[in-house]
$ cat target-v9.cif   # mmCIF, C-alpha atoms
data_model
loop_
_atom_site.label_atom_id
_atom_site.label_comp_id
_atom_site.auth_asym_id
_atom_site.auth_seq_id
_atom_site.Cartn_x
_atom_site.Cartn_y
_atom_site.Cartn_z
CA MET X 1 -1.94 1.75 34.91
CA ALA X 2 0.82 3.02 32.63
CA ARG X 3 -0.55 6.55 32.73
CA ALA X 4 -0.72 6.49 36.53
CA LEU X 5 2.87 5.21 36.66
CA THR X 6 4.16 7.98 34.40
CA ARG X 7 2.39 10.64 36.44
CA GLY X 8 3.56 9.33 39.82
CA PRO X 9 6.88 9.83 41.60
CA VAL X 10 8.53 7.10 39.52
CA GLY X 11 7.42 8.78 36.30
CA ARG X 12 8.73 12.16 37.44
CA ARG X 13 12.05 10.58 38.37
CA LEU X 14 12.29 8.88 35.00
CA ARG X 15 11.52 12.12 33.15
CA LYS X 16 14.34 13.77 35.08
CA VAL X 17 16.92 11.00 34.62
CA ALA X 18 16.12 9.92 31.05
CA PRO X 19 17.56 12.99 29.24
CA LEU X 20 20.90 12.32 30.96
CA ALA X 21 21.00 8.54 30.89
CA VAL X 22 19.67 7.74 27.40
CA PRO X 23 22.44 9.54 25.43
CA VAL X 24 25.08 7.87 27.61
CA LEU X 25 23.56 4.43 27.01
CA LEU X 26 23.38 5.08 23.25
CA ALA X 27 27.03 6.16 23.20
CA ILE X 28 28.08 3.05 25.17
CA ALA X 29 26.13 0.79 22.80
CA ASP X 30 27.77 2.53 19.83
CA ALA X 31 31.23 2.02 21.31
CA MET X 32 30.63 -1.66 22.01
CA LEU X 33 29.18 -2.33 18.56
CA VAL X 34 32.12 -0.64 16.83
CA ASN X 35 35.01 -1.79 19.04
CA GLY X 36 33.66 -4.84 20.86
CA VAL X 37 33.90 -5.49 24.60
CA GLU X 38 37.58 -6.40 24.82
CA LEU X 39 39.42 -3.68 26.76
CA ASP X 40 41.95 -1.79 24.62
CA LEU X 41 42.76 1.80 23.65
CA GLU X 42 39.79 2.14 21.27
CA VAL X 43 37.31 0.86 23.86
CA GLY X 44 38.84 3.03 26.59
CA VAL X 45 38.61 6.35 24.75
CA SER X 46 35.12 5.45 23.47
CA MET X 47 33.82 4.66 27.00
CA ALA X 48 35.43 7.83 28.35
CA ALA X 49 33.67 9.86 25.66
CA ALA X 50 30.34 8.20 26.55
CA ALA X 51 30.79 8.89 30.27
CA ALA X 52 31.64 12.55 29.60
CA LEU X 53 28.09 13.06 28.24
CA LEU X 54 26.79 13.05 31.82
CA VAL X 55 28.07 16.63 32.31
CA ARG X 56 27.51 17.86 28.77
CA ARG X 57 24.92 20.46 29.83
CA ARG X 58 27.25 22.07 32.36
CA PHE X 59 30.43 21.99 30.23
CA PRO X 60 29.27 21.51 26.62
CA LEU X 61 32.46 22.74 24.94
CA LEU X 62 34.83 20.73 27.13
CA VAL X 63 32.72 17.59 26.74
CA PHE X 64 32.74 17.95 22.96
CA LEU X 65 36.52 18.27 22.91
CA PHE X 66 36.75 15.25 25.24
CA THR X 67 34.73 13.12 22.76
CA LEU X 68 36.93 13.87 19.76
CA PRO X 69 39.58 11.21 20.67
CA GLY X 70 36.79 8.64 20.78
CA LEU X 71 35.81 9.63 17.24
CA TYR X 72 39.38 9.75 15.95
CA ILE X 73 40.67 6.55 17.64
CA GLY X 74 37.55 4.53 18.38
CA TYR X 75 35.48 5.54 15.32
CA ILE X 76 32.36 6.21 17.43
CA TRP X 77 29.60 8.53 16.21
CA PHE X 78 26.94 9.12 18.87
CA ALA X 79 29.07 10.73 21.62
CA PRO X 80 30.63 13.56 19.53
CA MET X 81 27.39 14.23 17.64
CA ILE X 82 25.36 14.45 20.88
CA ALA X 83 28.00 16.71 22.43
CA LEU X 84 28.00 18.99 19.36
CA TYR X 85 24.17 19.13 19.41
CA THR X 86 24.24 20.15 23.08
CA LEU X 87 26.82 22.84 22.35
CA ALA X 88 24.67 24.27 19.54
CA ALA X 89 21.54 24.25 21.72
CA LEU X 90 23.12 25.78 24.82
CA ARG X 91 26.16 27.81 23.73
CA PRO X 92 25.56 28.99 20.19
CA GLY X 93 28.12 31.18 18.47
CA ARG X 94 29.27 31.26 14.88
CA ALA X 95 32.99 31.15 15.60
CA ARG X 96 32.64 28.51 18.30
CA LEU X 97 30.36 26.24 16.27
CA GLY X 98 32.44 26.74 13.10
CA GLY X 99 35.64 25.74 14.87
CA CYS X 100 34.01 22.71 16.52
CA ALA X 101 32.57 21.63 13.18
CA LEU X 102 36.05 21.77 11.59
CA LEU X 103 37.50 19.73 14.47
CA LEU X 104 34.82 17.05 14.08
CA ILE X 105 35.40 16.95 10.30
CA ALA X 106 39.14 16.57 10.84
CA ALA X 107 38.72 13.83 13.46
CA HIS X 108 36.39 11.97 11.15
CA PHE X 109 38.33 12.58 7.92
CA PHE X 110 41.85 11.62 9.00
CA PRO X 111 42.35 7.94 9.88
CA TYR X 112 44.07 6.50 12.92
CA PRO X 113 47.01 6.09 12.71
CA ILE X 114 47.69 9.08 10.44
CA SER X 115 50.21 7.02 8.48
CA ASP X 116 47.30 5.16 6.85
CA PHE X 117 46.12 8.35 5.12
CA GLU X 118 46.33 8.14 1.31
CA LEU X 119 46.33 11.61 -0.19
CA THR X 120 46.03 10.31 -3.77
CA ASP X 121 42.86 8.32 -3.10
CA TYR X 122 40.66 11.19 -4.30
CA ARG X 123 37.39 9.30 -4.60
CA GLU X 124 37.57 7.78 -1.12
CA ASN X 125 38.74 11.02 0.45
CA THR X 126 35.90 12.97 -1.19
CA LEU X 127 33.27 10.54 0.11
CA VAL X 128 34.74 10.62 3.61
CA LEU X 129 34.87 14.44 3.56
CA ILE X 130 31.23 14.67 2.51
CA ASP X 131 30.27 12.17 5.19
CA ALA X 132 32.24 14.12 7.82
CA SER X 133 30.64 17.42 6.76
CA VAL X 134 27.14 16.00 7.05
CA THR X 135 28.04 14.42 10.39
CA SER X 136 29.07 17.83 11.77
CA ALA X 137 26.31 19.90 10.13
CA ALA X 138 23.35 17.73 11.24
CA PRO X 139 23.75 18.10 15.05
CA ILE X 140 24.51 21.82 14.70
CA ALA X 141 21.36 22.38 12.64
CA LEU X 142 19.22 20.34 15.03
CA GLY X 143 20.63 22.12 18.09
CA LEU X 144 20.02 25.57 16.58
CA LEU X 145 16.50 24.51 15.62
CA VAL X 146 15.70 23.38 19.16
CA ARG X 147 17.14 26.59 20.61
CA THR X 148 15.14 28.72 18.18
CA ARG X 149 11.99 26.82 19.07
CA ARG X 150 12.57 27.43 22.77
CA GLU X 151 13.17 31.13 22.18
CA LEU X 152 9.99 31.38 20.12
CA ALA X 153 8.01 29.59 22.83
CA SER X 154 9.42 32.00 25.43
CA ARG X 155 8.52 35.00 23.29
CA VAL X 156 5.03 33.68 22.69
CA GLU X 157 4.62 33.23 26.44
CA ASP X 158 5.82 36.80 27.05
CA LEU X 159 3.44 38.05 24.38
CA THR X 160 0.58 36.12 25.96
CA ARG X 161 1.34 37.62 29.36
CA SER X 162 1.52 41.07 27.79
CA LEU X 163 -1.85 40.59 26.09
CA ARG X 164 -3.39 39.39 29.34
CA ARG X 165 -1.96 42.40 31.13
CA GLU X 166 -3.44 44.68 28.48
CA ASP X 167 -6.78 42.92 28.81
CA ARG X 168 -6.72 43.46 32.57
CA LEU X 169 -5.83 47.12 32.12
CA LEU X 170 -8.65 47.53 29.61
CA ALA X 171 -11.08 45.79 31.95
CA ASP X 172 -9.94 48.01 34.82
CA ARG X 173 -10.41 51.08 32.65
CA VAL X 174 -13.91 49.98 31.66
CA LYS X 175 -14.71 49.20 35.29
CA THR X 176 -13.45 52.61 36.39
CA THR X 177 -15.57 54.33 33.77
CA GLU X 178 -18.64 52.36 34.80
CA ARG X 179 -18.02 53.08 38.48
CA ALA X 180 -17.79 56.80 37.70
CA ARG X 181 -21.04 56.63 35.74
CA LEU X 182 -22.78 54.84 38.61
CA ALA X 183 -21.42 57.41 41.04
CA ARG X 184 -22.85 60.24 38.94
CA GLU X 185 -26.24 58.53 38.69
CA MET X 186 -26.37 57.86 42.44
CA HIS X 187 -25.38 61.41 43.27
CA ASP X 188 -27.69 63.09 40.75
CA VAL X 189 -30.78 60.96 41.36
CA VAL X 190 -30.71 59.31 44.78
CA ALA X 191 -29.01 62.16 46.65
CA HIS X 192 -31.43 64.67 45.19
CA GLN X 193 -34.51 62.67 46.15
CA VAL X 194 -33.27 61.90 49.67
CA SER X 195 -32.40 65.58 50.18
CA LEU X 196 -35.95 66.52 49.27
CA ILE X 197 -37.27 63.95 51.74
CA SER X 198 -35.08 65.40 54.47
CA LEU X 199 -36.22 68.95 53.70
CA GLN X 200 -39.89 67.97 53.67
CA ALA X 201 -39.50 66.11 56.97
CA GLY X 202 -37.80 69.14 58.49
CA ALA X 203 -40.64 71.38 57.32
CA VAL X 204 -43.21 69.04 58.87
CA GLN X 205 -41.25 68.90 62.12
CA VAL X 206 -41.24 72.69 62.38
CA SER X 207 -44.81 73.38 61.22
CA THR X 208 -46.85 70.67 62.95
CA GLU X 209 -48.07 70.87 66.52
CA ASP X 210 -48.71 67.13 66.82
CA ALA X 211 -45.99 65.59 69.01
CA GLU X 212 -46.31 62.21 67.35
CA ALA X 213 -46.01 63.75 63.90
CA ARG X 214 -42.94 65.74 64.98
CA ALA X 215 -41.32 62.56 66.30
CA GLY X 216 -42.05 60.76 63.04
CA ALA X 217 -40.70 63.67 61.00
CA ARG X 218 -37.56 63.78 63.17
CA THR X 219 -37.01 60.05 62.58
CA ILE X 220 -37.46 60.50 58.84
CA ARG X 221 -34.98 63.35 58.84
CA GLU X 222 -32.42 61.36 60.83
CA LEU X 223 -32.77 58.44 58.44
CA SER X 224 -32.40 60.76 55.46
CA VAL X 225 -29.27 62.37 56.88
CA ARG X 226 -27.76 58.96 57.63
CA THR X 227 -28.64 57.73 54.14
CA LEU X 228 -27.01 60.78 52.58
CA GLU X 229 -23.88 60.20 54.67
CA GLU X 230 -23.58 56.56 53.57
CA LEU X 231 -24.39 57.57 50.00
CA ARG X 232 -21.60 60.16 50.08
CA HIS X 233 -19.10 57.53 51.17
CA MET X 234 -20.32 55.04 48.55
CA VAL X 235 -20.01 57.63 45.80
CA GLY X 236 -16.47 58.34 47.02
CA VAL X 237 -15.60 54.64 46.84
CA LEU X 238 -17.06 54.34 43.34
CA ARG X 239 -15.10 57.34 42.13
CA ALA X 240 -11.85 56.31 43.82
CA ASP X 241 -9.38 53.87 42.35
CA GLY X 242 -6.45 51.82 43.73
CA GLY X 243 -5.12 53.17 47.01
CA GLU X 244 -7.75 55.94 47.02
CA ALA X 245 -10.47 53.28 46.99
CA ALA X 246 -8.95 51.52 49.99
CA GLU X 247 -8.66 54.83 51.83
CA ALA X 248 -12.27 55.68 51.01
CA ARG X 249 -13.41 52.29 52.33
CA ASP X 250 -11.52 52.92 55.56
CA LEU X 251 -13.32 56.22 55.98
CA ALA X 252 -16.74 54.77 55.17
CA PRO X 253 -19.10 54.05 58.10
CA GLN X 254 -18.86 50.45 59.30
CA PRO X 255 -22.10 49.43 61.05
CA ASP X 256 -21.78 46.58 63.54
CA LEU X 257 -23.79 44.89 66.28
CA GLU X 258 -23.64 47.96 68.49
CA GLU X 259 -25.91 49.76 66.02
CA LEU X 260 -28.49 46.98 65.82
CA PRO X 261 -30.67 48.34 68.67
CA ARG X 262 -30.84 51.72 66.92
CA LEU X 263 -31.69 50.04 63.62
CA ILE X 264 -34.47 48.04 65.28
CA GLU X 265 -35.78 51.12 67.09
CA MET X 266 -36.04 53.07 63.85
CA SER X 267 -37.62 50.21 61.89
CA ALA X 268 -41.12 50.98 63.27
CA LEU X 269 -41.78 47.24 63.66
CA ASP X 270 -42.75 45.04 66.60
CA VAL X 271 -39.31 43.51 67.11
CA THR X 272 -37.96 41.42 69.97
CA TYR X 273 -34.16 41.55 70.03
CA GLU X 274 -32.37 38.62 71.73
CA ARG X 275 -28.66 39.29 71.96
CA GLY X 276 -26.28 36.52 72.94
CA VAL X 277 -22.98 37.98 71.76
CA VAL X 278 -20.98 41.08 72.62
CA ALA X 279 -20.01 43.40 69.77
CA GLY X 280 -16.36 43.07 68.77
CA ALA X 281 -16.11 39.35 69.70
CA GLY X 282 -13.18 40.06 72.00
CA GLY X 283 -10.81 41.00 69.19
CA VAL X 284 -11.33 37.84 67.15
CA SER X 285 -9.86 38.08 63.65
CA GLY X 286 -12.50 39.13 61.11
CA ALA X 287 -15.05 40.08 63.80
CA LYS X 288 -15.82 43.52 62.33
CA THR X 289 -16.46 42.10 58.88
CA VAL X 290 -18.74 39.41 60.32
CA GLU X 291 -20.62 41.94 62.46
CA ARG X 292 -21.17 44.16 59.47
CA ALA X 293 -22.53 41.19 57.51
CA ALA X 294 -24.84 40.39 60.43
CA PHE X 295 -26.04 44.01 60.53
CA ARG X 296 -26.78 44.02 56.79
CA THR X 297 -28.63 40.71 57.11
CA VAL X 298 -30.91 42.09 59.84
CA GLN X 299 -31.37 45.32 57.89
CA GLU X 300 -32.47 43.52 54.72
CA ALA X 301 -34.74 41.11 56.61
CA LEU X 302 -36.54 43.96 58.40
CA THR X 303 -36.97 45.75 55.08
CA ASN X 304 -38.61 42.63 53.63
CA VAL X 305 -40.90 42.37 56.66
CA ARG X 306 -42.11 45.93 56.06
CA LYS X 307 -42.71 45.12 52.40
CA HIS X 308 -44.36 41.72 52.62
CA ALA X 309 -45.55 41.18 56.19
CA PRO X 310 -46.81 44.50 57.61
CA GLY X 311 -47.92 44.26 61.21
CA ALA X 312 -46.08 40.97 61.80
CA ARG X 313 -44.18 40.35 65.01
CA VAL X 314 -40.44 39.88 64.50
CA ARG X 315 -37.78 38.16 66.59
CA VAL X 316 -34.09 38.89 66.00
CA ARG X 317 -31.48 36.59 67.54
CA VAL X 318 -27.69 37.01 67.38
CA ASP X 319 -25.70 34.16 68.96
CA PRO X 320 -22.12 32.85 68.88
CA VAL X 321 -21.48 29.41 67.41
CA ASP X 322 -18.66 26.93 67.93
CA THR X 323 -18.82 25.55 64.40
CA VAL X 324 -20.22 27.00 61.21
CA ARG X 325 -21.82 24.78 58.59
CA SER X 326 -19.94 24.76 55.31
CA PRO X 327 -21.96 25.69 52.22
CA ALA X 328 -21.79 22.19 50.76
CA THR X 329 -25.15 22.58 49.08
CA ASP X 330 -26.69 25.76 47.84
CA GLY X 331 -30.34 26.07 46.97
CA ALA X 332 -32.62 28.88 46.03
CA GLU X 333 -36.16 29.50 47.11
CA VAL X 334 -38.13 32.45 45.85
CA ALA X 335 -40.98 33.92 47.82
CA ASP X 336 -42.97 36.99 46.80
CA GLY X 337 -40.34 37.73 44.19
CA THR X 338 -37.72 38.86 46.71
CA GLN X 339 -36.83 35.96 48.97
CA ALA X 340 -33.87 33.65 48.12
CA ALA X 341 -32.32 30.83 50.09
CA ALA X 342 -29.05 28.98 50.24
CA GLY X 343 -27.81 26.04 52.28
CA THR X 344 -29.64 23.39 54.24
CA GLN X 345 -33.04 23.88 55.82
CA PRO X 346 -33.37 22.77 59.43
CA ALA X 347 -36.71 22.44 61.07
CA ASP X 348 -38.45 25.38 62.73
CA GLY X 349 -37.01 26.26 66.09
CA ALA X 350 -33.61 24.85 65.29
CA GLY X 351 -32.11 28.30 65.38
CA ALA X 352 -33.12 28.87 68.98
CA ALA X 353 -31.84 25.51 70.12
CA ASP X 354 -28.60 25.89 68.27
CA GLY X 355 -28.17 29.42 69.53
CA ALA X 356 -28.64 28.32 73.13
CA ALA X 357 -25.99 25.67 72.74
CA ALA X 358 -23.62 27.82 70.74
CA SER X 359 -21.35 28.84 73.59
CA ASP X 360 -20.43 26.32 76.25
CA GLY X 361 -18.42 26.99 79.37
CA GLY X 362 -16.72 30.14 78.05
CA ARG X 363 -15.28 28.44 74.95
CA THR X 364 -14.17 30.78 72.22
CA ALA X 365 -16.81 31.23 69.54
CA HIS X 366 -15.76 30.44 65.98
CA GLY X 367 -18.59 32.26 64.27
CA LEU X 368 -21.83 34.17 64.50
CA ARG X 369 -25.41 33.08 63.86
CA VAL X 370 -28.11 35.59 62.97
CA GLU X 371 -31.77 34.64 62.82
CA ILE X 372 -34.67 36.91 61.88
CA ARG X 373 -38.07 35.23 62.24
CA ASN X 374 -41.40 36.94 61.59
CA GLY X 375 -44.93 35.71 62.01
CA PRO X 376 -47.79 36.03 59.52
CA PRO X 377 -48.75 39.54 58.40
CA ASP X 378 -51.60 41.42 60.04
CA ALA X 379 -54.62 41.18 57.78
CA THR X 380 -55.81 44.66 58.83
CA ALA X 381 -52.48 46.35 58.13
CA THR X 382 -51.96 48.35 54.96
CA VAL X 383 -49.40 46.87 52.59
CA PRO X 384 -46.94 49.63 51.60
CA ALA X 385 -46.33 50.07 47.91
CA LEU X 386 -42.57 49.78 48.21
CA PRO X 387 -40.54 48.89 45.10
CA GLY X 388 -38.33 45.81 45.13
CA GLY X 389 -35.94 44.28 42.64
CA GLY X 390 -35.74 40.82 44.19
CA HIS X 391 -31.98 41.05 44.78
CA GLY X 392 -31.78 41.71 48.53
CA LEU X 393 -31.38 38.22 49.90
CA VAL X 394 -29.47 37.13 46.83
CA GLY X 395 -26.85 39.74 47.72
CA LEU X 396 -26.86 38.58 51.34
CA ARG X 397 -26.31 35.00 50.24
CA GLU X 398 -23.34 36.07 48.11
CA ARG X 399 -21.94 38.00 51.07
CA ALA X 400 -22.31 34.96 53.34
CA GLN X 401 -20.64 32.67 50.81
CA SER X 402 -17.73 35.09 50.33
CA LEU X 403 -17.16 34.94 54.10
CA GLY X 404 -17.31 31.13 54.12
CA GLY X 405 -20.76 31.01 55.75
CA THR X 406 -24.30 30.04 54.80
CA LEU X 407 -27.64 31.77 54.42
CA GLU X 408 -31.08 30.16 54.65
CA ALA X 409 -34.37 31.92 53.88
CA ARG X 410 -37.72 30.09 53.81
CA ARG X 411 -41.34 30.18 54.84
CA THR X 412 -42.45 28.77 58.17
CA SER X 413 -45.41 26.55 58.93
CA ASP X 414 -47.35 29.39 60.60
CA GLY X 415 -47.28 31.57 57.47
CA GLY X 416 -44.27 33.61 58.50
CA PHE X 417 -40.71 33.69 57.23
CA VAL X 418 -37.27 33.00 58.68
CA VAL X 419 -33.84 34.18 57.59
CA ARG X 420 -30.90 32.43 59.24
CA ALA X 421 -27.24 33.15 58.45
CA GLU X 422 -23.99 31.82 59.89
CA PHE X 423 -20.64 33.57 59.49
CA PRO X 424 -17.27 32.16 60.61
CA TYR X 425 -14.63 34.43 62.09
CA GLY X 426 -11.29 34.90 60.36
CA THR X 427 -12.23 33.31 56.99
CA GLY X 428 -13.30 34.59 53.62
CA ARG X 429 -12.03 37.71 51.91
CA SER X 430 -11.99 41.02 53.66
CA GLU X 431 -14.19 43.89 52.58
CA ALA X 432 -11.20 45.71 51.15
CA GLU X 433 -10.36 42.69 49.00
CA ARG X 434 -13.93 42.33 47.81
CA GLY X 435 -14.28 46.05 47.18
CA GLU X 436 -17.60 46.27 49.03
CA VAL X 437 -19.42 49.57 49.16
CA LYS X 438 -22.65 48.47 50.76
#
$ encode --input "target-v9.cif" --output "structure tokens"
Amino acid sequence: MARALTRGPVGRRLRKVAPLAVPVLLAIADAMLVNGVELDLEVGVSMAAAAALLVRRRFPLLVFLFTLPGLYIGYIWFAPMIALYTLAALRPGRARLGGCALLLIAAHFFPYPISDFELTDYRENTLVLIDASVTSAAPIALGLLVRTRRELASRVEDLTRSLRREDRLLADRVKTTERARLAREMHDVVAHQVSLISLQAGAVQVSTEDAEARAGARTIRELSVRTLEELRHMVGVLRADGGEAAEARDLAPQPDLEELPRLIEMSALDVTYERGVVAGAGGVSGAKTVERAAFRTVQEALTNVRKHAPGARVRVRVDPVDTVRSPATDGAEVADGTQAAAGTQPADGAGAADGAAASDGGRTAHGLRVEIRNGPPDATATVPALPGGGHGLVGLRERAQSLGGTLEARRTSDGGFVVRAEFPYGTGRSEAERGEVK
């Protein structure tokens, strides 16, 4: 209860008012204990000195001078000592503090009225002088100590920020070096192999008389050329840094829904494409990023079908949605070493029903749903020996989560597999912010 009170609005108000009010209350209590409550000259100057502490932070020197009559006439202690402490903490200066210390010593040493001063009372005068010196030195020392502590804390904070900045620069330098190394590896290995594939396909296209073989070789060559083009842009992004990286990303090819039919045509699979959304989404914010994510999702799903379900029939659906499920729960399901899932798992057929009800009466869609569903593999089909690292759908799930969407991948009751993703428009980080090169 007490902790909640101190952390609430009342506690914040108290923490703001207490540094101003507490010294004033202490000075008032000191004045009343020394001079009583009966109104006279001593009480008047003492109360005036206590009230002046309210503006001690704005005018520390003037407030200190204003408290000296209270010390000299009313014999108060707290008000002048607090004022001198504030002066030392906020306006330090050897000449200023030395002069104020001498004034406080004089106001404390000489009695009121001055006619009561006994110059020959050496013992009493010595004790009073020592007492006055300690009274002036203590608040000055404490104020300088507090100021020094604040300056040290500020310097430590600056040093910490500087070290963090150096750590970020070092991390950026390491990242740049690693990106350059990856770019070299991709260019030297992948580009070389794909170039050989393109050359071999071109040779087959020229030498063979079989029309079907020529068409297949032409498709292989087109895919190789397109792969080399994307690889060139990705290598440029990896090598670039800062503004150059953003410029390279702008120049990189940005596949969207308009290229899905071509992707499906070149997949060499039995695919039924059901399209319920127009590419571009009518200029909706973030539409291009969402469409690219949808394209990559279909691309990865078709690749997995070729690897794990050869000969299977595939259905691809792209529909608008009014609301996109938030990724409240994330799960993972591994199938054949490459399949991963995230999000909830609706029953089979839910995608079609949801897709049909996604757009109602011309309402503006708030997102995009992509579903790729394949049946069981053909037992007579040859399983291609294609390598796989098991990271495809994991990367798609991360992409969906970065856009504020969800991805689900699971087996179906008929022995097939379904991949369903939902992406909201206008949310998540842009590709430039994420630094994507895929």
$ residues_around --input "target-v9.cif" --residues "range 264-271 of chain X" --least-positions-apart "3" --cutoff "6 Å" --atoms "all atoms listed in the file" --output "JSON, numbers by chain"
{"X": [261, 313, 314, 315]}
$ residues_around --input "target-v9.cif" --residues "range 416-421 of chain X" --least-positions-apart "4" --cutoff "7 Å" --atoms "only C-alpha atoms" --output "PDB file with C-alpha atoms, keeping the file's coordinate frame"
ATOM      1  CA  ARG X 369     -25.410  33.080  63.860  1.00  0.00           C
ATOM      2  CA  VAL X 370     -28.110  35.590  62.970  1.00  0.00           C
ATOM      3  CA  GLU X 371     -31.770  34.640  62.820  1.00  0.00           C
ATOM      4  CA  ILE X 372     -34.670  36.910  61.880  1.00  0.00           C
ATOM      5  CA  ARG X 373     -38.070  35.230  62.240  1.00  0.00           C
ATOM      6  CA  ASN X 374     -41.400  36.940  61.590  1.00  0.00           C
ATOM      7  CA  GLY X 375     -44.930  35.710  62.010  1.00  0.00           C
ATOM      8  CA  PRO X 376     -47.790  36.030  59.520  1.00  0.00           C
ATOM      9  CA  THR X 406     -24.300  30.040  54.800  1.00  0.00           C
ATOM     10  CA  LEU X 407     -27.640  31.770  54.420  1.00  0.00           C
ATOM     11  CA  GLU X 408     -31.080  30.160  54.650  1.00  0.00           C
ATOM     12  CA  ALA X 409     -34.370  31.920  53.880  1.00  0.00           C
ATOM     13  CA  ARG X 410     -37.720  30.090  53.810  1.00  0.00           C
ATOM     14  CA  ARG X 411     -41.340  30.180  54.840  1.00  0.00           C
ATOM     15  CA  THR X 412     -42.450  28.770  58.170  1.00  0.00           C
TER      16      THR X 412
END
$ resolve_selection --input "target-v9.cif" --expression "the PyMOL selection byres ((chain X and resi 380) around 12)" --output "NGL selection string"
:X and (309-312 or 376-379 or 381-383)
$ residues_around --input "target-v9.cif" --residues "Ile105 in chain X" --least-positions-apart "3" --cutoff "9 Å" --atoms "all atoms listed in the file" --output "PyMOL selection string"
chain X and resi 100-102+108-110+129+131-136
$ write_last_selection --input "target-v9.cif" --atoms "C-alpha atoms" --output "short mmCIF file (atom, residue, chain, number, x, y, z; two decimals), keeping the file's coordinate frame"
data_model
loop_
_atom_site.label_atom_id
_atom_site.label_comp_id
_atom_site.auth_asym_id
_atom_site.auth_seq_id
_atom_site.Cartn_x
_atom_site.Cartn_y
_atom_site.Cartn_z
CA CYS X 100 34.01 22.71 16.52
CA ALA X 101 32.57 21.63 13.18
CA LEU X 102 36.05 21.77 11.59
CA HIS X 108 36.39 11.97 11.15
CA PHE X 109 38.33 12.58 7.92
CA PHE X 110 41.85 11.62 9.00
CA LEU X 129 34.87 14.44 3.56
CA ASP X 131 30.27 12.17 5.19
CA ALA X 132 32.24 14.12 7.82
CA SER X 133 30.64 17.42 6.76
CA VAL X 134 27.14 16.00 7.05
CA THR X 135 28.04 14.42 10.39
CA SER X 136 29.07 17.83 11.77
#
$ resolve_selection --input "target-v9.cif" --expression "the PyMOL selection byres ((chain X and resi 225) around 12)" --output "number ranges by chain"
X: 191, 193-199, 201-202, 218-224, 226-232
$ closest_residue --input "target-v9.cif" --among "X:Val10, X:Phe78, X:Glu212, X:Val45" --to "Phe66 in chain X" --atoms "only C-alpha atoms"
X:Val45
$ closest_residue --input "target-v9.cif" --among "X:Thr86, X:Thr272, X:Ser162, X:Thr177" --to "Ala141 in chain X" --atoms "all atoms listed in the file"
X:Thr86
$ closest_residue --input "target-v9.cif" --among "X:Glu38, X:Val55, X:Ala95, X:Arg179" --to "Ala21 in chain X" --atoms "all atoms listed in the file"
X:Val55
